[in-house]
Every structure is written in structure tokens, then in C-alpha cells.
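Okay, structure37.txt is below, compact mmCIF, C-alpha atoms and all ligand atoms:
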```txt
# COMPACT_ATOMS: atom_id res chain seq x y z
CA MET A 1 94.62 -9.41 169.13
CA GLU A 2 95.86 -5.97 168.05
CA ASP A 3 98.63 -5.75 165.50
CA PHE A 4 101.98 -5.90 167.29
CA VAL A 5 103.67 -3.33 165.03
CA VAL A 6 100.84 -0.85 165.55
CA LEU A 7 101.15 -1.28 169.34
CA LYS A 8 104.92 -0.97 169.25
CA ASN A 9 104.72 2.22 167.17
CA LYS A 10 102.16 3.68 169.56
CA TYR A 11 104.40 2.88 172.52
CA GLU A 12 107.45 4.46 170.84
CA LYS A 13 105.43 7.56 169.98
CA ILE A 14 104.26 8.00 173.58
CA LYS A 15 107.82 7.44 174.77
CA SER A 16 109.11 10.18 172.47
CA GLU A 17 106.61 12.65 173.98
CA ASN A 18 108.51 12.65 177.30
CA ARG A 19 105.36 12.36 179.40
CA LYS A 20 105.82 12.23 183.18
CA PHE A 21 103.25 10.59 185.47
CA ASP A 22 103.44 9.22 188.97
CA MET A 23 100.99 6.53 190.07
CA SER A 24 103.35 4.87 192.48
CA ARG A 25 101.69 5.64 195.82
CA GLY A 26 98.14 5.99 197.11
CA LYS A 27 98.28 9.67 197.92
CA PRO A 28 95.35 12.09 198.03
CA ALA A 29 95.34 14.64 195.20
CA LEU A 30 95.86 18.34 195.80
CA ALA A 31 92.13 18.94 195.26
CA GLN A 32 91.37 16.51 198.12
CA LEU A 33 93.82 18.20 200.49
CA ASP A 34 92.16 21.53 199.71
CA THR A 35 88.79 20.23 200.98
CA VAL A 36 90.36 19.99 204.45
CA ASN A 37 91.96 23.44 204.63
CA ASP A 38 89.53 24.73 207.28
CA ILE A 39 91.51 22.68 209.76
CA LEU A 40 94.38 25.13 209.33
CA THR A 41 92.37 27.91 210.98
CA ALA A 42 90.32 25.80 213.41
CA ILE A 43 92.45 27.12 216.28
CA THR A 44 93.93 30.60 216.18
CA LYS A 45 94.01 31.81 219.79
CA GLY A 46 95.38 30.58 223.10
CA GLU A 47 91.94 30.30 224.68
CA ASP A 48 90.80 28.02 221.83
CA CYS A 49 93.33 25.48 223.06
CA VAL A 50 91.55 24.85 226.34
CA SER A 51 88.88 22.21 226.13
CA SER A 52 87.08 20.25 228.89
CA GLY A 53 89.53 21.76 231.37
CA VAL A 54 92.55 20.48 229.41
CA ASP A 55 95.03 23.00 228.02
CA CYS A 56 96.11 21.23 224.85
CA ARG A 57 99.23 23.36 224.60
CA ASN A 58 100.67 21.69 227.66
CA TYR A 59 102.06 18.26 228.50
CA GLY A 60 99.80 15.34 229.37
CA GLY A 61 96.94 13.34 227.91
CA VAL A 62 99.10 10.45 226.70
CA ASP A 63 96.10 8.45 225.47
CA GLY A 64 94.44 11.38 223.69
CA ILE A 65 91.82 14.04 224.34
CA PRO A 66 88.30 12.80 225.20
CA GLN A 67 86.58 14.21 222.08
CA ILE A 68 88.94 12.40 219.71
CA LYS A 69 88.81 9.17 221.68
CA ALA A 70 85.03 9.40 221.42
CA LEU A 71 85.25 10.04 217.66
CA PHE A 72 87.48 7.03 217.02
CA ALA A 73 85.30 4.93 219.34
CA GLU A 74 82.34 5.83 217.14
CA ILE A 75 84.27 5.05 213.94
CA LEU A 76 85.55 1.70 215.23
CA GLN A 77 82.46 0.87 217.28
CA MET A 78 84.61 0.26 220.32
CA GLU A 79 84.86 1.82 223.77
CA GLU A 80 86.88 4.95 224.47
CA LYS A 81 88.96 3.14 227.08
CA GLU A 82 90.02 0.67 224.40
CA ILE A 83 91.67 3.40 222.31
CA ILE A 84 94.94 5.34 222.38
CA ILE A 85 95.34 8.36 220.09
CA SER A 86 98.74 9.00 218.67
CA GLY A 87 100.58 11.15 216.12
CA ASN A 88 99.91 11.35 212.42
CA SER A 89 100.90 7.85 211.36
CA SER A 90 99.32 4.49 212.05
CA LEU A 91 102.38 2.85 210.50
CA ASN A 92 104.41 4.44 213.25
CA ILE A 93 102.16 2.75 215.84
CA MET A 94 102.39 -0.58 214.00
CA PHE A 95 106.18 -0.35 214.02
CA ASP A 96 106.16 0.52 217.73
CA THR A 97 103.71 -2.31 218.48
CA VAL A 98 106.00 -4.85 216.84
CA ALA A 99 108.99 -3.29 218.62
CA ARG A 100 107.23 -3.51 222.01
CA ALA A 101 106.35 -7.18 221.47
CA MET A 102 109.93 -7.83 220.44
CA MET A 103 111.48 -6.06 223.42
CA PHE A 104 108.92 -6.50 226.20
CA GLY A 105 106.52 -9.24 225.08
CA THR A 106 102.88 -8.73 224.17
CA VAL A 107 101.73 -8.45 227.80
CA GLU A 108 103.37 -8.47 231.22
CA GLY A 109 104.79 -11.94 231.86
CA GLU A 110 105.01 -13.04 228.17
CA LYS A 111 108.46 -13.69 226.78
CA PRO A 112 109.77 -10.92 224.51
CA TRP A 113 109.53 -12.15 220.91
CA ILE A 114 113.22 -11.47 220.52
CA HIS A 115 113.88 -14.34 222.95
CA SER A 116 111.40 -16.70 221.32
CA GLY A 117 113.56 -17.97 218.48
CA LYS A 118 112.12 -17.79 214.99
CA ILE A 119 109.21 -15.34 214.63
CA SER A 120 106.87 -15.58 211.65
CA PHE A 121 104.02 -13.42 210.38
CA LEU A 122 101.28 -14.50 208.00
CA CYS A 123 100.99 -12.10 205.09
CA PRO A 124 97.97 -12.17 202.77
CA VAL A 125 99.21 -11.47 199.25
CA PRO A 126 99.15 -9.19 197.46
CA GLY A 127 99.28 -6.88 200.46
CA TYR A 128 100.65 -3.59 201.75
CA ASP A 129 104.37 -3.22 201.09
CA ARG A 130 105.02 -1.15 204.21
CA HIS A 131 103.61 -3.86 206.48
CA PHE A 132 106.09 -6.25 204.94
CA ALA A 133 108.87 -3.68 205.33
CA ILE A 134 108.17 -3.53 209.09
CA SER A 135 108.38 -7.33 209.39
CA GLU A 136 111.56 -7.38 207.34
CA ALA A 137 113.15 -4.63 209.45
CA PHE A 138 112.69 -6.81 212.57
CA GLY A 139 113.94 -9.98 210.87
CA ILE A 140 110.48 -11.58 211.02
CA ASN A 141 109.97 -14.50 208.66
CA MET A 142 107.03 -13.84 206.30
CA ILE A 143 104.66 -16.52 205.03
CA ASN A 144 102.47 -15.74 202.01
CA VAL A 145 98.75 -16.42 202.43
CA PRO A 146 96.61 -16.60 199.29
CA TYR A 147 93.45 -14.55 198.92
CA LYS A 148 89.99 -15.84 198.13
CA SER A 149 87.22 -13.59 196.87
CA ASP A 150 86.02 -12.75 200.41
CA GLY A 151 89.32 -12.41 202.25
CA PRO A 152 92.44 -14.42 203.00
CA ASP A 153 92.28 -18.21 202.85
CA MET A 154 90.98 -19.08 206.34
CA ASP A 155 91.58 -22.83 205.99
CA PHE A 156 95.25 -22.05 205.43
CA ILE A 157 95.37 -19.58 208.33
CA GLU A 158 93.53 -21.76 210.88
CA LYS A 159 95.84 -24.69 210.14
CA ALA A 160 99.04 -22.64 210.11
CA VAL A 161 98.43 -20.82 213.41
CA ALA A 162 97.25 -24.02 215.12
CA GLU A 163 100.36 -25.95 214.12
CA ASP A 164 103.22 -23.47 214.01
CA GLU A 165 104.19 -21.79 217.26
CA SER A 166 106.62 -19.49 215.47
CA ILE A 167 103.63 -17.68 213.94
CA LYS A 168 103.21 -14.73 216.27
CA GLY A 169 101.47 -12.26 214.00
CA MET A 170 99.49 -11.58 210.89
CA TRP A 171 98.94 -8.47 208.78
CA CYS A 172 95.36 -7.73 207.73
CA VAL A 173 93.72 -4.86 205.86
CA PRO A 174 90.14 -6.02 206.37
CA LYS A 175 88.28 -3.33 204.43
CA TYR A 176 89.11 -2.31 200.84
CA SER A 177 92.36 -4.14 201.26
CA ASN A 178 95.50 -2.59 199.78
CA PRO A 179 95.76 -3.48 196.91
CA THR A 180 93.03 -6.08 196.23
CA GLY A 181 90.10 -3.89 197.32
CA ILE A 182 88.57 -6.91 199.08
CA THR A 183 86.46 -6.45 202.21
CA TYR A 184 86.49 -9.49 204.49
CA SER A 185 83.14 -11.29 204.62
CA ASP A 186 81.30 -11.87 207.92
CA ASP A 187 82.33 -15.49 207.77
CA VAL A 188 86.02 -14.59 207.42
CA VAL A 189 85.81 -12.07 210.29
CA ARG A 190 84.10 -14.66 212.54
CA ARG A 191 86.77 -17.20 211.71
CA PHE A 192 89.44 -14.67 212.71
CA ALA A 193 87.59 -14.02 215.97
CA THR A 194 87.64 -17.72 216.82
CA LEU A 195 91.22 -18.57 215.81
CA LYS A 196 93.00 -20.98 218.12
CA PRO A 197 96.70 -20.21 217.68
CA LYS A 198 99.38 -22.42 219.17
CA ALA A 199 101.36 -19.33 220.22
CA ARG A 200 99.61 -17.73 223.20
CA ASP A 201 101.09 -14.39 222.20
CA PHE A 202 99.84 -14.51 218.59
CA ARG A 203 98.42 -11.15 217.49
CA VAL A 204 96.42 -10.05 214.45
CA PHE A 205 97.50 -6.64 213.20
CA TRP A 206 94.07 -5.46 211.98
CA ASP A 207 94.87 -2.35 209.93
CA ASN A 208 91.51 -0.73 209.31
CA ALA A 209 93.06 2.05 207.21
CA TYR A 210 90.04 2.29 204.86
CA VAL A 211 87.26 2.04 207.45
CA VAL A 212 85.19 4.99 206.11
CA HIS A 213 86.58 5.13 202.58
CA ASP A 214 83.54 4.15 200.52
CA LEU A 215 83.34 5.17 196.85
CA PHE A 216 80.47 3.29 195.19
CA ASP A 217 76.95 2.07 195.99
CA GLY A 218 77.07 3.02 199.66
CA GLY A 219 80.20 0.93 200.20
CA GLU A 220 80.69 -2.37 201.96
CA THR A 221 80.30 -3.22 205.63
CA LEU A 222 82.86 -4.96 207.77
CA LEU A 223 81.80 -6.98 210.78
CA ASN A 224 83.26 -5.71 214.07
CA VAL A 225 86.01 -8.25 214.76
CA PHE A 226 86.61 -7.00 218.27
CA GLU A 227 83.01 -7.48 219.31
CA GLU A 228 83.05 -10.97 217.78
CA ALA A 229 86.33 -11.84 219.51
CA LYS A 230 84.96 -10.70 222.89
CA LYS A 231 82.24 -13.36 222.60
CA TYR A 232 85.00 -16.00 222.70
CA GLY A 233 87.35 -14.26 225.16
CA ASN A 234 89.73 -13.71 222.24
CA GLU A 235 89.95 -9.90 222.35
CA ASP A 236 93.61 -9.87 223.41
CA MET A 237 94.42 -11.36 220.00
CA PHE A 238 93.56 -8.15 218.10
CA TYR A 239 95.62 -5.01 217.60
CA ILE A 240 93.47 -2.55 215.64
CA PHE A 241 94.90 0.44 213.78
CA VAL A 242 93.26 3.36 212.04
CA SER A 243 94.20 6.89 211.02
CA THR A 244 92.86 10.06 209.47
CA SER A 245 95.62 10.06 206.85
CA LYS A 246 93.05 9.79 204.07
CA ILE A 247 90.34 11.70 205.92
CA SER A 248 92.21 14.93 206.76
CA PHE A 249 95.91 15.35 205.88
CA PRO A 250 98.26 12.35 205.55
CA GLY A 251 101.11 14.55 206.72
CA SER A 252 99.26 16.05 209.65
CA GLY A 253 96.46 13.75 210.76
CA LEU A 254 95.84 11.49 213.73
CA ALA A 255 96.29 7.77 214.24
CA ALA A 256 94.82 5.39 216.79
CA PHE A 257 95.59 2.04 218.36
CA ALA A 258 92.67 0.06 219.75
CA SER A 259 92.69 -3.19 221.66
CA SER A 260 91.73 -5.05 224.83
CA LYS A 261 92.13 -3.60 228.33
CA LYS A 262 95.17 -5.79 228.93
CA ASN A 263 96.88 -4.78 225.68
CA ILE A 264 96.08 -1.09 226.13
CA GLU A 265 97.47 -1.07 229.67
CA HIS A 266 100.63 -2.78 228.50
CA ALA A 267 101.05 -0.40 225.57
CA LEU A 268 100.43 2.66 227.74
CA SER A 269 102.95 1.50 230.34
CA LYS A 270 105.64 1.82 227.65
CA ILE A 271 104.22 4.79 225.70
CA LYS A 272 104.23 6.82 228.94
CA ILE A 273 107.99 6.35 228.97
CA GLN A 274 108.29 7.34 225.30
CA THR A 275 106.37 10.62 225.59
CA ILE A 276 104.72 13.02 228.06
CA GLY A 277 101.92 13.50 225.59
CA PRO A 278 100.99 13.68 221.89
CA ASP A 279 100.16 16.75 219.78
CA LYS A 280 96.83 17.56 221.41
CA ILE A 281 96.37 20.81 219.49
CA ASN A 282 96.11 18.79 216.30
CA GLN A 283 93.65 16.48 218.06
CA LEU A 284 91.58 19.49 219.06
CA ARG A 285 91.67 20.87 215.51
CA HIS A 286 90.30 17.55 214.28
CA ALA A 287 87.65 17.55 217.03
CA LYS A 288 86.49 20.99 215.90
CA LEU A 289 86.20 19.95 212.25
CA TYR A 290 84.85 16.46 212.96
CA PRO A 291 82.71 16.56 216.12
CA ASP A 292 81.13 13.22 215.26
CA VAL A 293 81.20 10.43 212.71
CA LYS A 294 78.58 12.21 210.57
CA ALA A 295 81.06 15.02 209.96
CA VAL A 296 83.68 12.44 208.98
CA ILE A 297 81.28 10.80 206.51
CA ALA A 298 80.50 14.23 205.01
CA GLN A 299 84.25 14.79 204.56
CA MET A 300 84.61 11.35 202.96
CA GLU A 301 81.87 12.19 200.47
CA LYS A 302 83.91 15.24 199.36
CA HIS A 303 86.91 12.96 198.80
CA ALA A 304 84.77 10.39 197.00
CA GLU A 305 83.47 13.03 194.57
CA ILE A 306 87.06 13.70 193.51
CA ILE A 307 88.26 10.09 193.56
CA ARG A 308 85.24 8.31 192.03
CA PRO A 309 85.75 9.65 188.47
CA LYS A 310 89.37 8.51 188.64
CA PHE A 311 88.41 4.96 189.62
CA ASN A 312 85.77 5.03 186.87
CA ALA A 313 88.41 6.19 184.37
CA VAL A 314 90.67 3.24 185.26
CA LEU A 315 87.85 0.70 185.19
CA SER A 316 86.46 1.89 181.88
CA ALA A 317 89.93 2.08 180.25
CA PHE A 318 90.65 -1.50 181.40
CA GLU A 319 87.22 -2.65 180.25
CA LYS A 320 87.64 -1.05 176.84
CA GLU A 321 91.30 -1.88 176.23
CA LEU A 322 92.11 -5.02 178.20
CA SER A 323 89.01 -7.16 178.43
CA GLY A 324 89.34 -10.39 176.53
CA ILE A 325 93.13 -10.61 176.86
CA GLU A 326 93.82 -14.02 178.32
CA GLY A 327 95.13 -13.95 181.89
CA VAL A 328 94.39 -10.24 182.38
CA TRP A 329 91.92 -9.30 185.13
CA TRP A 330 91.48 -6.56 187.68
CA SER A 331 89.65 -5.75 190.91
CA LYS A 332 86.52 -3.58 190.98
CA PRO A 333 86.60 -2.22 194.52
CA LYS A 334 83.77 -0.31 196.15
CA GLY A 335 86.19 1.89 198.08
CA GLY A 336 89.75 2.40 199.26
CA TYR A 337 92.66 3.71 197.25
CA PHE A 338 93.74 0.96 194.87
CA ILE A 339 92.87 -1.23 191.92
CA SER A 340 94.79 -4.44 191.53
CA LEU A 341 95.71 -5.36 187.94
CA ASN A 342 96.77 -8.92 187.16
CA LEU A 343 98.65 -10.00 184.05
CA PRO A 344 99.61 -13.42 182.74
CA HIS A 345 102.54 -15.17 184.48
CA GLY A 346 105.88 -13.40 184.18
CA LYS A 347 104.55 -10.18 182.64
CA ALA A 348 104.17 -7.66 185.48
CA LYS A 349 107.83 -6.64 185.90
CA LYS A 350 108.25 -6.14 182.19
CA ALA A 351 105.10 -4.03 181.90
CA VAL A 352 106.12 -1.81 184.84
CA ALA A 353 109.61 -1.38 183.36
CA LEU A 354 108.26 -0.42 179.92
CA ALA A 355 105.83 2.04 181.51
CA LYS A 356 108.70 3.60 183.46
CA ASP A 357 110.84 3.95 180.33
CA ALA A 358 107.99 5.92 178.76
CA GLY A 359 107.52 8.19 181.80
CA LEU A 360 104.89 6.45 183.96
CA VAL A 361 106.07 5.50 187.45
CA LEU A 362 104.00 2.68 188.95
CA THR A 363 104.48 0.86 192.25
CA PRO A 364 107.36 -1.54 191.49
CA ALA A 365 106.10 -4.98 190.43
CA GLY A 366 106.51 -7.36 193.35
CA ALA A 367 106.26 -4.58 195.96
CA SER A 368 102.95 -5.94 197.21
CA PHE A 369 104.63 -9.20 198.25
CA PRO A 370 106.99 -10.05 201.11
CA TYR A 371 110.64 -9.47 200.20
CA GLY A 372 109.43 -7.72 197.01
CA ILE A 373 108.96 -11.09 195.30
CA ASP A 374 105.76 -11.83 193.42
CA PRO A 375 106.31 -15.54 192.77
CA ASP A 376 104.17 -15.45 189.63
CA ASP A 377 105.18 -11.93 188.53
CA THR A 378 101.56 -11.09 187.73
CA ASN A 379 100.42 -8.26 190.00
CA ILE A 380 100.50 -4.49 189.46
CA ARG A 381 99.07 -2.08 192.02
CA ILE A 382 97.23 0.83 190.44
CA ALA A 383 96.98 3.99 192.56
CA PRO A 384 94.67 6.35 190.66
CA THR A 385 94.10 9.12 193.22
CA TYR A 386 97.09 11.42 192.91
CA PRO A 387 97.19 12.50 189.23
CA SER A 388 94.57 14.88 187.86
CA LEU A 389 91.89 13.25 185.70
CA PRO A 390 93.43 14.40 182.35
CA GLU A 391 96.87 13.18 183.51
CA LEU A 392 95.36 9.90 184.63
CA GLU A 393 93.68 9.39 181.25
CA GLN A 394 97.00 9.86 179.47
CA ALA A 395 98.74 7.56 181.94
CA LEU A 396 96.08 4.90 181.34
CA ASP A 397 96.57 5.19 177.59
CA LEU A 398 100.23 4.38 178.15
CA LEU A 399 99.56 1.65 180.72
CA CYS A 400 97.04 -0.16 178.51
CA THR A 401 99.39 0.08 175.53
CA VAL A 402 102.18 -1.46 177.59
CA VAL A 403 99.95 -4.27 178.90
CA LYS A 404 98.71 -5.10 175.39
CA LEU A 405 102.30 -5.03 174.14
CA VAL A 406 103.72 -7.48 176.71
CA CYS A 407 100.69 -9.76 176.34
CA ASN A 408 100.97 -9.86 172.56
CA GLU A 409 102.15 -13.25 171.26
CA ALA A 410 104.76 -11.50 169.09
CA TYR A 411 106.35 -9.78 172.10
CA LYS A 412 109.88 -10.92 172.96
CA ASP A 413 111.88 -9.69 175.98
N1 LIG B 501 97.77 1.06 206.15
C1 LIG B 501 97.42 0.86 204.88
C2 LIG B 501 96.71 -0.41 204.51
C3 LIG B 501 97.70 1.80 203.89
O1 LIG B 501 97.34 1.57 202.63
C4 LIG B 501 98.39 2.98 204.26
C5 LIG B 501 98.74 3.98 203.25
O2 LIG B 501 98.70 3.76 202.07
C6 LIG B 501 98.74 3.15 205.60
C7 LIG B 501 98.43 2.18 206.53
C8 LIG B 501 99.47 4.37 206.05
O3 LIG B 501 98.86 4.87 207.18
P1 LIG B 501 99.38 6.10 207.99
O4 LIG B 501 99.45 7.25 207.07
O5 LIG B 501 98.37 6.27 209.06
O6 LIG B 501 100.74 5.72 208.54
```
Could I get this file's structure written as C-alpha cells?
Ligand code: PLP
Amino acid sequence: MEDFVVLKNKYEKIKSENRKFDMSRGKPALAQLDTVNDILTAITKGEDCVSSGVDCRNYGGVDGIPQIKALFAEILQMEEKEIIISGNSSLNIMFDTVARAMMFGTVEGEKPWIHSGKISFLCPVPGYDRHFAISEAFGINMINVPYKSDGPDMDFIEKAVAEDESIKGMWCVPKYSNPTGITYSDDVVRRFATLKPKARDFRVFWDNAYVVHDLFDGGETLLNVFEEAKKYGNEDMFYIFVSTSKISFPGSGLAAFASSKKNIEHALSKIKIQTIGPDKINQLRHAKLYPDVKAVIAQMEKHAEIIRPKFNAVLSAFEKELSGIEGVWWSKPKGGYFISLNLPHGKAKKAVALAKDAGLVLTPAGASFPYGIDPDDTNIRIAPTYPSLPELEQALDLLCTVVKLVCNEAYKD
């Protein structure tokens, strides 16, 4: 164990340097955004806006233009008629999907959730804070589900949904999960596809945000849950979400909702009242840049070239500085946007606070848990993409110093 006084002095020195770093959110770096700039000039004239007889400047096309539906169908390995294209945010669709179930029920004839008494969602932890924020906004009770190495604990889930009718939903990030980096195994996906929930209107919110976001060794593959579910007549149970936020621009991309015929019809019956049509010019811009999934994969390789060294920097700093400290371990994801760092019980909040005092903003400790409460206070989400590599290296120097400090036996709060 390193000398406590040496560590403390190092921390105080860094603090006095007034460094400022932000690793709080999984945002693409400026260099990544610049790889997409051709989209800004993909359409410059009125006649460019007319495609397959559709004038994208005008109203209409509530479910999206055919080229983009085809692109998402290829990405998700689903059918075009199972997909609705929306604005730039999949979170927006998730929020609306919960709101629709609350107000109108999941399908015609089902009771609106708001009239069903207590509503609960299963939440694998650590998970995505904004999923939990949606549940909380609607007053949905959240139940923590532990993770195993190949996905959430399916024994727990199968039992809970079979016994508890208040469980109407579950949040899932099945590939390169935020923040654990875990991709669900085939076995886990098959067990999802064959769930037998007590609540007929139980829905899995399958947020495939990192579907093409491979970084290392060709990435990991995720079994197609929808295809599996169809084999058992369970396809109505899945709401699938995806977006181009981390393919093109997070602020100006496209998002999609994919599901069974019944669910799509129900969703469209309400969306048609919400809007006369989405931003089809942006859809067309994307179609011009990404005519097929190959073009998307080529784009993702450009992102990976920028992101990979940053993930490597985090992993090698942790390996060099933190390995061997009891109770400290971290994920080694093959893709996605996050690394999950775990400290001994009761240390995460303190480490995040000390980092903040010295100029490094991390995602607040506990944010990856429902209600912001990490019961063990162990988890810190590391988002390495946004800072430049030199900034990241300095931030890691500070982060590792802070972790070693709070884990040192001489450390007192
Ligand atoms: N889902 C997950 C799992 C995410 O990690 C993020 C962003 O970090 C989002 C959704 C946000 O998606 P969008 O930009 O499409 O709203």
C-alpha cells in the first residue's frame, strides 16, 4: 500500500493546480462530431428533398421515410413495418411509451396503468440514470435487480414477474450496458423471450442504444430477442429502442421504436394525434450518408478509432495504479461508452466528492441506481469519451490518486 502522506500531498498538489475536467456524461468528443460533418451539406436544394415521390419538406410520413425504416430494419434485424422513426431522442420515445401505457394502456382494451394501482419496474443495477428518472417521474416503484456476468439475474426476474402483478415493466440495455459494459448472453436473451409474467401488460423496455458500438476484437453479438420472442408468441412483450445519437449527432440524429404489429398500431394511433409528421429532411440527410448498414459500420469505425485509445488509457491506468487494492475492480467492455469502476463498500461517494473538489466532475455516485441510491456505495461510472486524450490522462491521474487515498487504511472521513 502506498504511503498515505505521499498520496495526500499528491492530491493537494493536483487540487492547487485548479484543473478542470468533465467526465460526467457519455458524450461524443468534438473530434467524433467532426467525422459526421458531411451530413450538414447532404441536402442543399429543394429538389434534393424529394425522394421516392415524397417531398420531405412537407407534412406526412408519421412512421418515417422508407429508406430510414429499411436502414433501422437492417440494424435491428427486424421488418420495416415493425419500426417507427422519430425525432432525435430515443429517451423521448421511451418517455412517451411509458406515458401512453399510463394514459391509454399498452394496447386497445388493456387498462391504463394509471388505473392499475401500484406499478413497478425491474431495474438491473447499476443501470442508466435517465431510465430511472423516467420511472420516477411517473411515480413507478423501482425494484433493483442484480447483475451476473452475462446479464441481469434471470432467476430473480422470472420469479418476480411470475409472482408480482404490479411489475409492468423492466429497463434493459442489452448490449454494452450502461454502465457495466455487459452484453446479454444468448441464454439470458432466450430467457427474456420466454418470460411468463403475471401481468398481461408487462413490457420489456429493450434499449439497444449501443447496437453497433463495438470497440475491441470485432465486438460482441447480441441474440435477436424479437425473433426469439416470436417463436413463443411473446413479441408483444418487447418495446425496442435505438437511435443514431452516437452514430451521427446526439443533438440532431434519429431515433426509432420497434415492436410487434399490435404495439406499433397502438403507438401510431396516438402518435398520429401528437404530430402530422417528423423531421423527414433529417431522415433524408441520414439516408444519404448511410444508405445501408455497411455505411453505418464504416462510420462506427471512425468513432472507434477516436474512442479506443481513451478506453485503453483508462484500462491501463486502472491496471497500473489500482490493481491489487482489495475490493477495487472494473469492467473491461468490448464496446459502448462506459467503464464501471467499483470500490470497497462505502467509498464511492467520498471518492467522487474528493475528485470534484480537485476539479474532476464525474457522474454523481449513486446516479446509476434507482432514486440515486447505491445501497453499497461502491459504483462509479467512468465516461471516457468526451475529454481529449491528454485531458483524460490528467483526469485519470487525479481519479486514481483519489481512489488510492480513500482506500488507504489511514484514510479517515
Ligand atoms: N439509452 C442509453 C442506454 C444511453 O446510454 C443513452 C445515452 O447515454 C441514451 C439512451 C440516450 O439516447 P438518445 O440520445 O437517443 O435519447
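The coordinates place atom CA of Ile240 of chain A at 17.0 Å from atom CA of Phe132 of chain A.
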Residues up to 6 Å from ligand LIG 501 (chain B), counting all atoms listed in the file: could you list those as a compact mmCIF listing (two decimals) with C-alpha atoms, in the frame of the given file?
```
# COMPACT_ATOMS: atom_id res chain seq x y z
CA GLY A 26 98.14 5.99 197.11
CA SER A 89 100.90 7.85 211.36
CA SER A 90 99.32 4.49 212.05
CA LEU A 91 102.38 2.85 210.50
CA TYR A 128 100.65 -3.59 201.75
CA VAL A 173 93.72 -4.86 205.86
CA ASN A 178 95.50 -2.59 199.78
CA ASP A 207 94.87 -2.35 209.93
CA ALA A 209 93.06 2.05 207.21
CA SER A 243 94.20 6.89 211.02
CA SER A 245 95.62 10.06 206.85
CA PRO A 250 98.26 12.35 205.55
CA ALA A 255 96.29 7.77 214.24
```
### Task
Would you mind telling me which residue in A:Phe202, A:Val314, A:Ile380, A:Val242 lies nearest to Val328 of chain A when using all atoms listed in the file?
A:Ile380
#### Entry: Selection near Asp38 of chain A, 10 Å with all atoms listed in the file, sequence-local residues under 3 positions removed, as a ChimeraX atom specification
/A:34-35,41-43,285,288-289
### Task
Counting all atoms listed in the file, figure out which residue out of A:Ala355, A:Met102, A:Ile182, A:Val189 gets nearest to Lys168 of chain A.
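Among the listed residues, the smallest separation from Lys168 of chain A belongs to A:Met102.
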### Query
Pick from A:Gly336, A:Pro152, A:Pro179, A:Pro291: nearest to Glu220 of chain A, with all atoms listed in the file counted?
A:Gly336
Since the input is missing atoms for segment 130-144 of chain A, could you rebuild it with N, CA, C and O atoms and give the result as a PDB file, keeping the file's coordinate frame?
```
ATOM      1  N   ARG A 130     104.394  -1.697 202.997  1.00  0.00           N
ATOM      2  CA  ARG A 130     105.020  -1.150 204.210  1.00  0.00           C
ATOM      3  C   ARG A 130     104.809  -2.044 205.433  1.00  0.00           C
ATOM      4  O   ARG A 130     105.594  -2.018 206.376  1.00  0.00           O
ATOM      5  N   HIS A 131     103.740  -2.835 205.430  1.00  0.00           N
ATOM      6  CA  HIS A 131     103.610  -3.860 206.480  1.00  0.00           C
ATOM      7  C   HIS A 131     104.791  -4.824 206.375  1.00  0.00           C
ATOM      8  O   HIS A 131     105.422  -5.175 207.371  1.00  0.00           O
ATOM      9  N   PHE A 132     105.036  -5.256 205.149  1.00  0.00           N
ATOM     10  CA  PHE A 132     106.090  -6.250 204.940  1.00  0.00           C
ATOM     11  C   PHE A 132     107.461  -5.649 205.285  1.00  0.00           C
ATOM     12  O   PHE A 132     108.336  -6.344 205.797  1.00  0.00           O
ATOM     13  N   ALA A 133     107.598  -4.344 205.012  1.00  0.00           N
ATOM     14  CA  ALA A 133     108.870  -3.680 205.330  1.00  0.00           C
ATOM     15  C   ALA A 133     109.099  -3.672 206.848  1.00  0.00           C
ATOM     16  O   ALA A 133     110.236  -3.838 207.306  1.00  0.00           O
ATOM     17  N   ILE A 134     108.021  -3.496 207.619  1.00  0.00           N
ATOM     18  CA  ILE A 134     108.170  -3.530 209.090  1.00  0.00           C
ATOM     19  C   ILE A 134     108.649  -4.915 209.519  1.00  0.00           C
ATOM     20  O   ILE A 134     109.613  -5.064 210.275  1.00  0.00           O
ATOM     21  N   SER A 135     107.968  -5.964 209.018  1.00  0.00           N
ATOM     22  CA  SER A 135     108.380  -7.330 209.390  1.00  0.00           C
ATOM     23  C   SER A 135     109.847  -7.550 209.026  1.00  0.00           C
ATOM     24  O   SER A 135     110.617  -8.098 209.822  1.00  0.00           O
ATOM     25  N   GLU A 136     110.197  -7.134 207.821  1.00  0.00           N
ATOM     26  CA  GLU A 136     111.560  -7.380 207.340  1.00  0.00           C
ATOM     27  C   GLU A 136     112.582  -6.658 208.224  1.00  0.00           C
ATOM     28  O   GLU A 136     113.626  -7.214 208.564  1.00  0.00           O
ATOM     29  N   ALA A 137     112.231  -5.427 208.631  1.00  0.00           N
ATOM     30  CA  ALA A 137     113.150  -4.630 209.450  1.00  0.00           C
ATOM     31  C   ALA A 137     113.462  -5.337 210.777  1.00  0.00           C
ATOM     32  O   ALA A 137     114.552  -5.188 211.328  1.00  0.00           O
ATOM     33  N   PHE A 138     112.489  -6.111 211.292  1.00  0.00           N
ATOM     34  CA  PHE A 138     112.690  -6.810 212.570  1.00  0.00           C
ATOM     35  C   PHE A 138     113.155  -8.256 212.367  1.00  0.00           C
ATOM     36  O   PHE A 138     113.189  -9.032 213.326  1.00  0.00           O
ATOM     37  N   GLY A 139     113.450  -8.617 211.139  1.00  0.00           N
ATOM     38  CA  GLY A 139     113.940  -9.980 210.870  1.00  0.00           C
ATOM     39  C   GLY A 139     112.857 -11.031 211.024  1.00  0.00           C
ATOM     40  O   GLY A 139     113.149 -12.197 211.310  1.00  0.00           O
ATOM     41  N   ILE A 140     111.593 -10.628 210.866  1.00  0.00           N
ATOM     42  CA  ILE A 140     110.480 -11.580 211.020  1.00  0.00           C
ATOM     43  C   ILE A 140     110.289 -12.342 209.704  1.00  0.00           C
ATOM     44  O   ILE A 140     110.225 -11.737 208.623  1.00  0.00           O
ATOM     45  N   ASN A 141     110.188 -13.654 209.831  1.00  0.00           N
ATOM     46  CA  ASN A 141     109.970 -14.500 208.660  1.00  0.00           C
ATOM     47  C   ASN A 141     108.538 -14.281 208.143  1.00  0.00           C
ATOM     48  O   ASN A 141     107.590 -14.261 208.924  1.00  0.00           O
ATOM     49  N   MET A 142     108.379 -14.105 206.843  1.00  0.00           N
ATOM     50  CA  MET A 142     107.030 -13.840 206.300  1.00  0.00           C
ATOM     51  C   MET A 142     106.525 -15.022 205.477  1.00  0.00           C
ATOM     52  O   MET A 142     107.259 -15.583 204.669  1.00  0.00           O
ATOM     53  N   ILE A 143     105.278 -15.383 205.726  1.00  0.00           N
ATOM     54  CA  ILE A 143     104.660 -16.520 205.030  1.00  0.00           C
ATOM     55  C   ILE A 143     103.495 -15.989 204.194  1.00  0.00           C
ATOM     56  O   ILE A 143     102.557 -15.386 204.738  1.00  0.00           O
ATOM     57  N   ASN A 144     103.553 -16.214 202.890  1.00  0.00           N
ATOM     58  CA  ASN A 144     102.470 -15.740 202.010  1.00  0.00           C
ATOM     59  C   ASN A 144     101.178 -16.515 202.262  1.00  0.00           C
ATOM     60  O   ASN A 144     101.205 -17.740 202.402  1.00  0.00           O
TER      61      ASN A 144
END
```
